[in-house]
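What follows is protein_1.cif (mmCIF, C-alpha atoms and all ligand atoms).
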data_my_file
#
loop_
_atom_site.group_PDB
_atom_site.id
_atom_site.type_symbol
_atom_site.label_atom_id
_atom_site.label_comp_id
_atom_site.auth_asym_id
_atom_site.auth_seq_id
_atom_site.Cartn_x
_atom_site.Cartn_y
_atom_site.Cartn_z
ATOM 1 C CA MET A 1 -2.280 -8.810 -12.926
ATOM 2 C CA LYS A 2 -2.196 -11.399 -10.132
ATOM 3 C CA HIS A 3 -2.802 -9.679 -6.790
ATOM 4 C CA TYR A 4 -4.155 -6.168 -6.232
ATOM 5 C CA SER A 5 -2.659 -5.138 -2.926
ATOM 6 C CA SER A 6 -1.532 -1.608 -3.791
ATOM 7 C CA ILE A 7 -1.965 0.836 -6.659
ATOM 8 C CA TYR A 8 1.606 -0.031 -7.713
ATOM 9 C CA ASN A 9 0.282 -3.369 -8.983
ATOM 10 C CA LEU A 10 -1.222 -1.412 -11.895
ATOM 11 C CA ASN A 11 1.310 -0.694 -14.592
ATOM 12 C CA ASN A 12 -0.608 2.053 -16.355
ATOM 13 C CA LEU A 13 -2.827 4.071 -14.069
ATOM 14 C CA GLN A 14 -3.983 6.622 -16.624
ATOM 15 C CA LYS A 15 -5.029 3.843 -18.965
ATOM 16 C CA THR A 16 -6.763 1.933 -16.158
ATOM 17 C CA VAL A 17 -8.787 5.036 -15.223
ATOM 18 C CA LYS A 18 -9.885 5.415 -18.868
ATOM 19 C CA GLU A 19 -10.791 1.709 -19.076
ATOM 20 C CA ALA A 20 -12.873 1.987 -15.892
ATOM 21 C CA ILE A 21 -14.771 4.959 -17.343
ATOM 22 C CA GLU A 22 -15.453 2.920 -20.502
ATOM 23 C CA LEU A 23 -16.694 -0.003 -18.373
ATOM 24 C CA LYS A 24 -19.058 2.358 -16.584
ATOM 25 C CA GLY A 25 -20.764 3.011 -19.922
ATOM 26 C CA LYS A 26 -21.195 -0.717 -20.686
ATOM 27 C CA PRO A 27 -21.001 -2.534 -17.330
ATOM 28 C CA LEU A 28 -22.357 -5.861 -18.624
ATOM 29 C CA GLU A 29 -20.079 -6.141 -21.673
ATOM 30 C CA TYR A 30 -17.792 -8.705 -20.008
ATOM 31 C CA GLU A 31 -20.490 -10.759 -18.299
ATOM 32 C CA ALA A 32 -19.135 -13.946 -19.896
ATOM 33 C CA LEU A 33 -15.627 -13.409 -18.485
ATOM 34 C CA GLY A 34 -16.466 -14.405 -14.911
ATOM 35 C CA LYS A 35 -18.964 -17.147 -15.704
ATOM 36 C CA GLY A 36 -18.361 -20.135 -13.433
ATOM 37 C CA LYS A 37 -15.916 -18.129 -11.309
ATOM 38 C CA THR A 38 -16.365 -17.246 -7.637
ATOM 39 C CA ILE A 39 -14.974 -14.471 -5.456
ATOM 40 C CA CYS A 40 -14.848 -14.774 -1.655
ATOM 41 C CA LEU A 41 -15.092 -11.452 0.184
ATOM 42 C CA LEU A 42 -13.723 -11.715 3.715
ATOM 43 C CA PHE A 43 -14.400 -8.877 6.120
ATOM 44 C CA PHE A 44 -12.474 -8.499 9.355
ATOM 45 C CA ASN A 45 -14.120 -5.042 9.725
ATOM 46 C CA ASN A 46 -17.360 -3.264 8.891
ATOM 47 C CA SER A 47 -18.206 -2.165 5.388
ATOM 48 C CA LEU A 48 -20.963 -0.688 3.275
ATOM 49 C CA ARG A 49 -19.554 0.584 -0.041
ATOM 50 C CA THR A 50 -16.707 -1.875 -0.343
ATOM 51 C CA ARG A 51 -18.927 -4.839 0.308
ATOM 52 C CA LEU A 52 -21.787 -3.883 -1.993
ATOM 53 C CA SER A 53 -19.749 -2.351 -4.814
ATOM 54 C CA THR A 54 -17.275 -5.235 -4.995
ATOM 55 C CA GLN A 55 -20.171 -7.673 -5.029
ATOM 56 C CA LYS A 56 -21.884 -5.625 -7.731
ATOM 57 C CA ALA A 57 -18.654 -5.463 -9.752
ATOM 58 C CA ALA A 58 -18.245 -9.251 -9.573
ATOM 59 C CA GLN A 59 -21.887 -9.697 -10.554
ATOM 60 C CA ASN A 60 -21.446 -7.390 -13.576
ATOM 61 C CA LEU A 61 -18.622 -9.701 -14.688
ATOM 62 C CA GLY A 62 -20.846 -12.768 -14.331
ATOM 63 C CA MET A 63 -19.148 -14.037 -11.166
ATOM 64 C CA GLN A 64 -20.681 -15.607 -8.069
ATOM 65 C CA THR A 65 -19.841 -14.056 -4.717
ATOM 66 C CA ILE A 66 -19.477 -15.544 -1.244
ATOM 67 C CA VAL A 67 -19.321 -12.994 1.557
ATOM 68 C CA MET A 68 -18.156 -13.712 5.080
ATOM 69 C CA ASN A 69 -17.834 -11.417 8.082
ATOM 70 C CA PHE A 70 -14.679 -13.136 9.158
ATOM 71 C CA GLY A 71 -14.025 -10.841 12.099
ATOM 72 C CA SER A 72 -17.268 -11.719 13.840
ATOM 73 C CA GLU A 73 -18.194 -15.097 12.346
ATOM 74 C CA GLY A 74 -14.916 -16.860 11.510
ATOM 75 C CA TRP A 75 -12.527 -18.620 13.867
ATOM 76 C CA GLN A 76 -9.924 -16.333 15.365
ATOM 77 C CA LEU A 77 -6.858 -16.740 13.177
ATOM 78 C CA GLU A 78 -3.295 -17.376 14.312
ATOM 79 C CA PHE A 79 -0.618 -15.871 12.042
ATOM 80 C CA GLU A 80 2.521 -16.701 14.035
ATOM 81 C CA ASP A 81 4.665 -19.497 12.634
ATOM 82 C CA GLY A 82 5.265 -22.226 15.203
ATOM 83 C CA ALA A 83 2.673 -20.844 17.648
ATOM 84 C CA VAL A 84 1.446 -23.125 20.415
ATOM 85 C CA MET A 85 -2.254 -22.554 19.926
ATOM 86 C CA ASN A 86 -3.505 -23.151 23.438
ATOM 87 C CA GLU A 87 -5.194 -19.775 23.947
ATOM 88 C CA HIS A 88 -8.047 -18.034 22.110
ATOM 89 C CA LYS A 89 -6.913 -18.440 18.493
ATOM 90 C CA SER A 90 -8.590 -21.463 16.907
ATOM 91 C CA GLU A 91 -7.255 -21.773 13.384
ATOM 92 C CA HIS A 92 -3.945 -21.084 11.658
ATOM 93 C CA ILE A 93 -3.789 -18.953 8.521
ATOM 94 C CA LYS A 94 -1.941 -21.816 6.804
ATOM 95 C CA GLU A 95 -5.052 -24.010 6.793
ATOM 96 C CA ALA A 96 -7.586 -21.185 6.495
ATOM 97 C CA ALA A 97 -6.038 -19.603 3.387
ATOM 98 C CA LYS A 98 -5.550 -22.948 1.643
ATOM 99 C CA VAL A 99 -9.083 -24.105 2.450
ATOM 100 C CA ILE A 100 -10.659 -20.818 1.307
ATOM 101 C CA SER A 101 -8.675 -21.011 -1.953
ATOM 102 C CA GLN A 102 -10.492 -24.236 -2.807
ATOM 103 C CA TYR A 103 -13.865 -22.476 -2.688
ATOM 104 C CA CYS A 104 -13.067 -19.508 -4.917
ATOM 105 C CA ASP A 105 -10.988 -18.140 -7.778
ATOM 106 C CA ILE A 106 -10.229 -14.766 -6.157
ATOM 107 C CA VAL A 107 -10.192 -13.825 -2.479
ATOM 108 C CA ALA A 108 -10.705 -10.239 -1.328
ATOM 109 C CA ILE A 109 -9.817 -9.129 2.181
ATOM 110 C CA ARG A 110 -10.566 -6.213 4.481
ATOM 111 C CA ALA A 111 -8.376 -6.002 7.578
ATOM 112 C CA PHE A 112 -7.849 -2.547 9.082
ATOM 113 C CA ALA A 113 -4.845 -1.341 11.012
ATOM 114 C CA LEU A 114 -5.180 -2.042 14.731
ATOM 115 C CA LEU A 115 -3.321 1.235 15.444
ATOM 116 C CA ASN A 116 -1.564 -0.024 18.562
ATOM 117 C CA ASN A 117 1.694 -1.226 17.016
ATOM 118 C CA LYS A 118 3.152 0.524 13.972
ATOM 119 C CA GLU A 119 5.573 -2.278 13.055
ATOM 120 C CA LYS A 120 2.855 -4.921 13.206
ATOM 121 C CA ASP A 121 0.440 -2.828 11.147
ATOM 122 C CA GLU A 122 3.122 -2.056 8.578
ATOM 123 C CA ALA A 123 3.899 -5.759 8.247
ATOM 124 C CA GLU A 124 0.376 -6.141 6.739
ATOM 125 C CA ILE A 125 0.082 -9.473 8.554
ATOM 126 C CA VAL A 126 -3.394 -10.464 7.367
ATOM 127 C CA LEU A 127 -3.030 -9.435 3.724
ATOM 128 C CA ASN A 128 0.516 -10.751 3.334
ATOM 129 C CA ASN A 129 -0.256 -14.092 4.942
ATOM 130 C CA PHE A 130 -3.215 -14.573 2.641
ATOM 131 C CA LYS A 131 -0.921 -13.733 -0.271
ATOM 132 C CA LYS A 132 1.611 -16.224 1.067
ATOM 133 C CA TYR A 133 -0.696 -19.165 1.721
ATOM 134 C CA ALA A 134 -3.657 -18.710 -0.640
ATOM 135 C CA SER A 135 -3.342 -20.290 -4.058
ATOM 136 C CA VAL A 136 -5.654 -17.724 -5.694
ATOM 137 C CA PRO A 137 -5.218 -13.972 -6.365
ATOM 138 C CA VAL A 138 -5.763 -11.657 -3.403
ATOM 139 C CA VAL A 139 -7.488 -8.260 -3.590
ATOM 140 C CA ASN A 140 -7.033 -5.597 -0.907
ATOM 141 C CA MET A 141 -10.386 -4.165 0.271
ATOM 142 C CA GLU A 142 -8.533 -1.897 2.801
ATOM 143 C CA SER A 143 -5.579 -3.282 4.608
ATOM 144 C CA ALA A 144 -3.579 -1.821 7.472
ATOM 145 C CA ILE A 145 -1.802 0.673 5.256
ATOM 146 C CA GLY A 146 -3.683 0.993 1.987
ATOM 147 C CA HIS A 147 -7.063 1.172 0.292
ATOM 148 C CA PRO A 148 -6.198 0.901 -3.399
ATOM 149 C CA LEU A 149 -9.763 0.244 -4.633
ATOM 150 C CA GLN A 150 -10.820 3.536 -3.038
ATOM 151 C CA ALA A 151 -7.857 5.393 -4.546
ATOM 152 C CA LEU A 152 -8.709 4.104 -8.008
ATOM 153 C CA ALA A 153 -12.352 5.203 -7.608
ATOM 154 C CA ASP A 154 -11.044 8.614 -6.499
ATOM 155 C CA ALA A 155 -8.849 8.928 -9.591
ATOM 156 C CA ILE A 156 -11.829 7.991 -11.797
ATOM 157 C CA THR A 157 -13.997 10.610 -10.048
ATOM 158 C CA ILE A 158 -11.372 13.336 -10.468
ATOM 159 C CA GLU A 159 -10.876 12.427 -14.130
ATOM 160 C CA GLU A 160 -14.635 12.685 -14.754
ATOM 161 C CA ASN A 161 -15.090 15.956 -12.856
ATOM 162 C CA LYS A 162 -12.018 17.989 -13.745
ATOM 163 C CA ILE A 163 -12.585 21.020 -15.937
ATOM 164 C CA ILE A 164 -8.955 22.006 -16.394
ATOM 165 C CA ASN A 165 -6.055 19.815 -17.489
ATOM 166 C CA LYS A 166 -4.002 19.973 -14.331
ATOM 167 C CA PRO A 167 -6.394 20.573 -11.424
ATOM 168 C CA LYS A 168 -5.243 21.513 -7.939
ATOM 169 C CA VAL A 169 -6.161 18.681 -5.576
ATOM 170 C CA VAL A 170 -5.962 19.208 -1.816
ATOM 171 C CA LEU A 171 -6.024 16.378 0.702
ATOM 172 C CA SER A 172 -7.224 17.908 3.955
ATOM 173 C CA TRP A 173 -7.208 16.303 7.370
ATOM 174 C CA ALA A 174 -10.383 16.994 9.397
ATOM 175 C CA PRO A 175 -11.285 16.214 13.005
ATOM 176 C CA HIS A 176 -12.935 12.967 14.139
ATOM 177 C CA PRO A 177 -13.738 11.590 17.583
ATOM 178 C CA LYS A 178 -12.152 8.169 16.904
ATOM 179 C CA ALA A 179 -8.642 7.081 15.984
ATOM 180 C CA LEU A 180 -8.853 6.213 12.280
ATOM 181 C CA PRO A 181 -6.360 4.385 10.068
ATOM 182 C CA HIS A 182 -4.019 5.988 7.513
ATOM 183 C CA ALA A 183 -4.942 3.596 4.692
ATOM 184 C CA VAL A 184 -7.310 5.813 2.686
ATOM 185 C CA ALA A 185 -5.017 8.839 2.921
ATOM 186 C CA ASN A 186 -1.914 6.770 2.067
ATOM 187 C CA SER A 187 -3.395 5.307 -1.110
ATOM 188 C CA PHE A 188 -4.851 8.662 -2.154
ATOM 189 C CA VAL A 189 -1.426 10.287 -1.763
ATOM 190 C CA GLU A 190 0.231 7.523 -3.802
ATOM 191 C CA MET A 191 -2.429 7.881 -6.477
ATOM 192 C CA MET A 192 -2.175 11.677 -6.721
ATOM 193 C CA GLN A 193 1.608 11.476 -7.005
ATOM 194 C CA LEU A 194 1.062 9.544 -10.241
ATOM 195 C CA GLN A 195 -1.689 11.741 -11.698
ATOM 196 C CA ASP A 196 -1.321 14.969 -13.654
ATOM 197 C CA VAL A 197 -2.468 17.186 -10.773
ATOM 198 C CA ASP A 198 -1.091 19.939 -8.573
ATOM 199 C CA PHE A 199 -1.255 18.112 -5.218
ATOM 200 C CA VAL A 200 -1.139 19.626 -1.724
ATOM 201 C CA ILE A 201 -1.619 17.918 1.648
ATOM 202 C CA THR A 202 -2.839 19.965 4.609
ATOM 203 C CA HIS A 203 -3.067 18.862 8.241
ATOM 204 C CA PRO A 204 -2.193 20.147 11.704
ATOM 205 C CA GLU A 205 1.381 19.681 12.909
ATOM 206 C CA GLY A 206 1.799 16.240 14.423
ATOM 207 C CA TYR A 207 -0.454 14.631 11.809
ATOM 208 C CA GLU A 208 2.252 14.003 9.206
ATOM 209 C CA LEU A 209 1.619 10.761 7.320
ATOM 210 C CA ASN A 210 4.421 8.246 6.796
ATOM 211 C CA PRO A 211 7.166 10.400 5.170
ATOM 212 C CA GLU A 212 8.136 7.461 2.955
ATOM 213 C CA ILE A 213 4.688 7.746 1.385
ATOM 214 C CA THR A 214 4.334 11.522 1.232
ATOM 215 C CA LYS A 215 7.921 11.758 -0.142
ATOM 216 C CA ASN A 216 8.164 15.014 -2.062
ATOM 217 C CA SER A 217 4.484 15.915 -1.903
ATOM 218 C CA MET A 218 3.859 19.462 -0.753
ATOM 219 C CA ILE A 219 2.615 19.825 2.835
ATOM 220 C CA GLU A 220 0.956 23.108 3.824
ATOM 221 C CA TYR A 221 0.158 23.431 7.523
ATOM 222 C CA ASN A 222 -2.159 26.391 6.927
ATOM 223 C CA GLN A 223 -5.458 24.853 5.788
ATOM 224 C CA GLU A 224 -6.912 28.108 4.434
ATOM 225 C CA LYS A 225 -3.778 28.783 2.406
ATOM 226 C CA ALA A 226 -3.879 25.239 1.019
ATOM 227 C CA PHE A 227 -7.501 25.740 -0.086
ATOM 228 C CA GLU A 228 -6.695 28.769 -2.256
ATOM 229 C CA ASN A 229 -7.461 28.000 -5.906
ATOM 230 C CA ALA A 230 -8.177 24.334 -5.225
ATOM 231 C CA ASP A 231 -10.341 22.444 -7.737
ATOM 232 C CA PHE A 232 -10.878 19.392 -5.505
ATOM 233 C CA ILE A 233 -10.981 19.226 -1.704
ATOM 234 C CA TYR A 234 -10.536 15.609 -0.596
ATOM 235 C CA VAL A 235 -11.228 15.262 3.101
ATOM 236 C CA LYS A 236 -10.171 12.485 5.441
ATOM 237 C CA ASN A 237 -9.365 12.072 9.085
ATOM 238 C CA TRP A 238 -6.452 9.948 10.238
ATOM 239 C CA SER A 239 -4.840 9.429 13.610
ATOM 240 C CA SER A 240 -1.293 10.565 14.303
ATOM 241 C CA TYR A 241 1.421 8.519 12.600
ATOM 242 C CA LYS A 242 4.280 9.843 14.709
ATOM 243 C CA GLU A 243 2.442 9.271 18.003
ATOM 244 C CA TYR A 244 1.082 6.155 16.453
ATOM 245 C CA GLY A 245 -2.702 5.787 16.559
ATOM 246 C CA GLN A 246 -3.238 8.758 18.905
ATOM 247 C CA VAL A 247 -5.952 11.389 18.519
ATOM 248 C CA LEU A 248 -4.159 14.679 19.188
ATOM 249 C CA LYS A 249 -6.886 17.107 18.170
ATOM 250 C CA THR A 250 -10.694 16.958 17.987
ATOM 251 C CA ASP A 251 -11.740 20.622 17.960
ATOM 252 C CA SER A 252 -13.751 21.931 15.029
ATOM 253 C CA GLU A 253 -11.080 24.359 13.806
ATOM 254 C CA TRP A 254 -10.206 22.001 10.935
ATOM 255 C CA MET A 255 -13.814 21.069 10.002
ATOM 256 C CA ILE A 256 -14.716 21.764 6.354
ATOM 257 C CA THR A 257 -17.118 24.718 6.217
ATOM 258 C CA ALA A 258 -18.769 26.742 3.450
ATOM 259 C CA ASN A 259 -16.506 29.691 4.300
ATOM 260 C CA LYS A 260 -13.417 27.578 3.723
ATOM 261 C CA MET A 261 -14.851 26.247 0.457
ATOM 262 C CA LYS A 262 -15.253 29.893 -0.666
ATOM 263 C CA LEU A 263 -11.449 30.179 -0.699
ATOM 264 C CA THR A 264 -11.255 27.555 -3.445
ATOM 265 C CA ASN A 265 -11.765 27.703 -7.186
ATOM 266 C CA ASN A 266 -15.373 26.503 -6.746
ATOM 267 C CA ALA A 267 -13.875 23.162 -5.696
ATOM 268 C CA LYS A 268 -15.645 19.837 -5.651
ATOM 269 C CA PHE A 269 -15.910 18.221 -2.230
ATOM 270 C CA MET A 270 -14.818 14.572 -1.924
ATOM 271 C CA HIS A 271 -14.837 12.043 0.928
ATOM 272 C CA CYS A 272 -14.596 8.246 0.838
ATOM 273 C CA LEU A 273 -17.518 7.882 3.317
ATOM 274 C CA PRO A 274 -18.736 7.088 5.906
ATOM 275 C CA VAL A 275 -18.501 10.684 7.097
ATOM 276 C CA ARG A 276 -19.415 12.288 10.426
ATOM 277 C CA ARG A 277 -21.614 15.244 9.510
ATOM 278 C CA ASN A 278 -20.920 18.499 11.343
ATOM 279 C CA VAL A 279 -17.699 17.070 12.754
ATOM 280 C CA VAL A 280 -15.695 16.439 9.579
ATOM 281 C CA VAL A 281 -17.817 18.607 7.256
ATOM 282 C CA THR A 282 -20.874 20.822 7.699
ATOM 283 C CA ASP A 283 -24.245 19.786 6.254
ATOM 284 C CA GLU A 284 -24.098 22.855 4.041
ATOM 285 C CA VAL A 285 -20.943 21.637 2.247
ATOM 286 C CA ILE A 286 -21.808 17.960 1.913
ATOM 287 C CA ASP A 287 -25.333 18.821 0.736
ATOM 288 C CA SER A 288 -24.096 21.451 -1.739
ATOM 289 C CA LYS A 289 -24.040 20.919 -5.496
ATOM 290 C CA ASN A 290 -20.228 20.807 -5.332
ATOM 291 C CA SER A 291 -20.293 17.671 -3.229
ATOM 292 C CA ILE A 292 -19.525 14.612 -5.381
ATOM 293 C CA VAL A 293 -19.399 11.998 -2.621
ATOM 294 C CA ILE A 294 -22.305 9.956 -3.995
ATOM 295 C CA GLU A 295 -20.796 9.820 -7.463
ATOM 296 C CA GLN A 296 -17.448 8.929 -5.866
ATOM 297 C CA ALA A 297 -19.109 5.992 -4.088
ATOM 298 C CA ASN A 298 -20.722 4.903 -7.359
ATOM 299 C CA ASN A 299 -17.269 4.722 -8.932
ATOM 300 C CA ARG A 300 -16.275 2.103 -6.373
ATOM 301 C CA THR A 301 -18.144 -0.398 -8.555
ATOM 302 C CA TYR A 302 -16.112 0.436 -11.668
ATOM 303 C CA SER A 303 -12.853 0.593 -9.771
ATOM 304 C CA ALA A 304 -13.483 -2.930 -8.432
ATOM 305 C CA GLN A 305 -14.790 -4.113 -11.801
ATOM 306 C CA ILE A 306 -11.725 -3.056 -13.791
ATOM 307 C CA ILE A 307 -9.464 -4.728 -11.203
ATOM 308 C CA LEU A 308 -11.458 -7.989 -11.176
ATOM 309 C CA LYS A 309 -11.546 -7.933 -14.972
ATOM 310 C CA LYS A 310 -7.747 -7.662 -15.152
ATOM 311 C CA ILE A 311 -7.329 -10.497 -12.645
ATOM 312 C CA LEU A 312 -9.872 -12.728 -14.446
ATOM 313 C CA GLU A 313 -8.107 -12.140 -17.779
ATOM 314 C CA ASN A 314 -4.911 -13.402 -16.173
ATOM 315 C CA LEU A 315 -6.308 -16.526 -14.434
HETATM 316 C C1 LIG B 1 -12.515 3.697 7.859
HETATM 317 C C2 LIG B 1 -11.173 4.391 7.714
HETATM 318 O O1 LIG B 1 -10.207 3.772 7.244
HETATM 319 O O2 LIG B 1 -11.069 5.567 8.052
HETATM 320 C C3 LIG B 1 -13.048 3.227 6.533
HETATM 321 C C4 LIG B 1 -13.125 4.224 5.424
HETATM 322 C C5 LIG B 1 -13.454 3.627 4.096
HETATM 323 N N1 LIG B 1 -13.470 4.611 8.454
HETATM 324 C C6 LIG B 1 -13.968 4.447 9.669
HETATM 325 O O3 LIG B 1 -13.637 3.502 10.352
HETATM 326 C C7 LIG B 1 -14.987 5.465 10.161
HETATM 327 C C8 LIG B 1 -15.743 4.952 11.351
HETATM 328 C C9 LIG B 1 -16.536 6.000 12.112
HETATM 329 O O4 LIG B 1 -16.971 5.623 13.186
HETATM 330 O O5 LIG B 1 -16.723 7.139 11.684
#
Representation of the structure as structure tokens:
Amino acid sequence: MKHYSSIYNLNNLQKTVKEAIELKGKPLEYEALGKGKTICLLFFNNSLRTRLSTQKAAQNLGMQTIVMNFGSEGWQLEFEDGAVMNEHKSEHIKEAAKVISQYCDIVAIRAFALLNNKEKDEAEIVLNNFKKYASVPVVNMESAIGHPLQALADAITIEENKIINKPKVVLSWAPHPKALPHAVANSFVEMMQLQDVDFVITHPEGYELNPEITKNSMIEYNQEKAFENADFIYVKNWSSYKEYGQVLKTDSEWMITANKMKLTNNAKFMHCLPVRRNVVVTDEVIDSKNSIVIEQANNRTYSAQIILKKILENL
């Protein structure tokens, strides 16, 4: 594998999930693989899990890591070809990507959707320009439209926690005070479409995700109905896609409560974190024994590690 920009870069997801679970049991087995190799992690946005788990994953493979908060500490980048750079943007991606490539063997990038222009976000300007101008493999640590490292960790977590062969997995929208990107939900949907699960998406009307992504996935507008018999409740807020980047609803009607969880088949509760307690989910649910959010976050290390391992093997 060269780049990891979406889950479709993996040719055998089931096998990759199994390999990640094996790695989890012997995380230092491939310590020699990354010896003498460096990964640069560039953050245009905040991070906790992605930053630490990707660094840990690289470390487990014997790599060195360089981390930079590009959004706050780097020069403002220009992406437009032919731009006359006489305003606030100091450096062109053409130089930046080529220069960074000389300092590392893999570059990983986090650049969220700005949520003010659908076409621009969907063009994945930051990620795609790094792919275009960098001479090293590029890893997506949440781009405008996808978070494939998270989706792989989610698939690992479901594989480890399922007690029946084909569990019912429900992706539920929940309220949030801020406009959040669609990336986590998009990659989770893509991942579930390729897993052996009974998958249902539930959200209020007006919160439909990109129909090209949800394709034939079942959408149930009645949250309580969607929860019936569910084995996993995966919760995430996203802003409207149709009324791009707008927050249409913030009331607590869609919050995940213990009463709603009672409708399920004793379902596990999942969330990518960070989560707003008592807005997205009540304390009672996230603190319950059915909540697997901490384990899910732990799997971020093995999701990143299996991806870096595949890229290193191909260098
Ligand atoms: C990000 C998102 O894409 O929804 C990152 C999730 C991994 N989440 C947030 O920005 C939440 C910020 C907040 O203030 O709650």
May I have the residues within 12 Å of ligand LIG 1 (chain B), computed using all atoms listed in the file, as a ChimeraX atom specification? /A:45-51,110-115,141-151,153-154,173-188,235-239,245,271-277,279-280,296-297,300
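Selection check: the PyMOL selection byres (((chain A and resi 28) around 9) and not hetatm) on the shown file gives Leu23, Lys26, Pro27, Glu29, Tyr30, Glu31, Ala32, Gln59, Asn60, Leu61 and Gly62 of chain A.
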For CA of Tyr133 in chain A and CA of Tyr4 in chain A, determine how far apart the two atoms are, in Å to one decimal place. 15.6 Å
Proximity to Tyr244 in chain A - best of A:Tyr207, A:Tyr103, A:Phe130, A:Phe79, all atoms listed in the file: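 Among the listed residues, the smallest separation from Tyr244 in chain A belongs to A:Tyr207.
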When you look at Leu41 in chain A with a cut-off of 12 Å (counting all atoms listed in the file), what residues show up, excluding the ones that are within fewer than 5 positions of it in the same chain? I need them as a PyMOL selection string. chain A and resi 47+50-56+58+64-71+100-101+103-111+138-142
Residues at most 7 Å from range 219-221 of chain A, counting only C-alpha atoms, excluding those fewer than 4 positions away in the same chain, as a list in words?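 Everything that qualifies: Val200, Ile201, Thr202, His203, Pro204, Glu205 and Ala226 of chain A.
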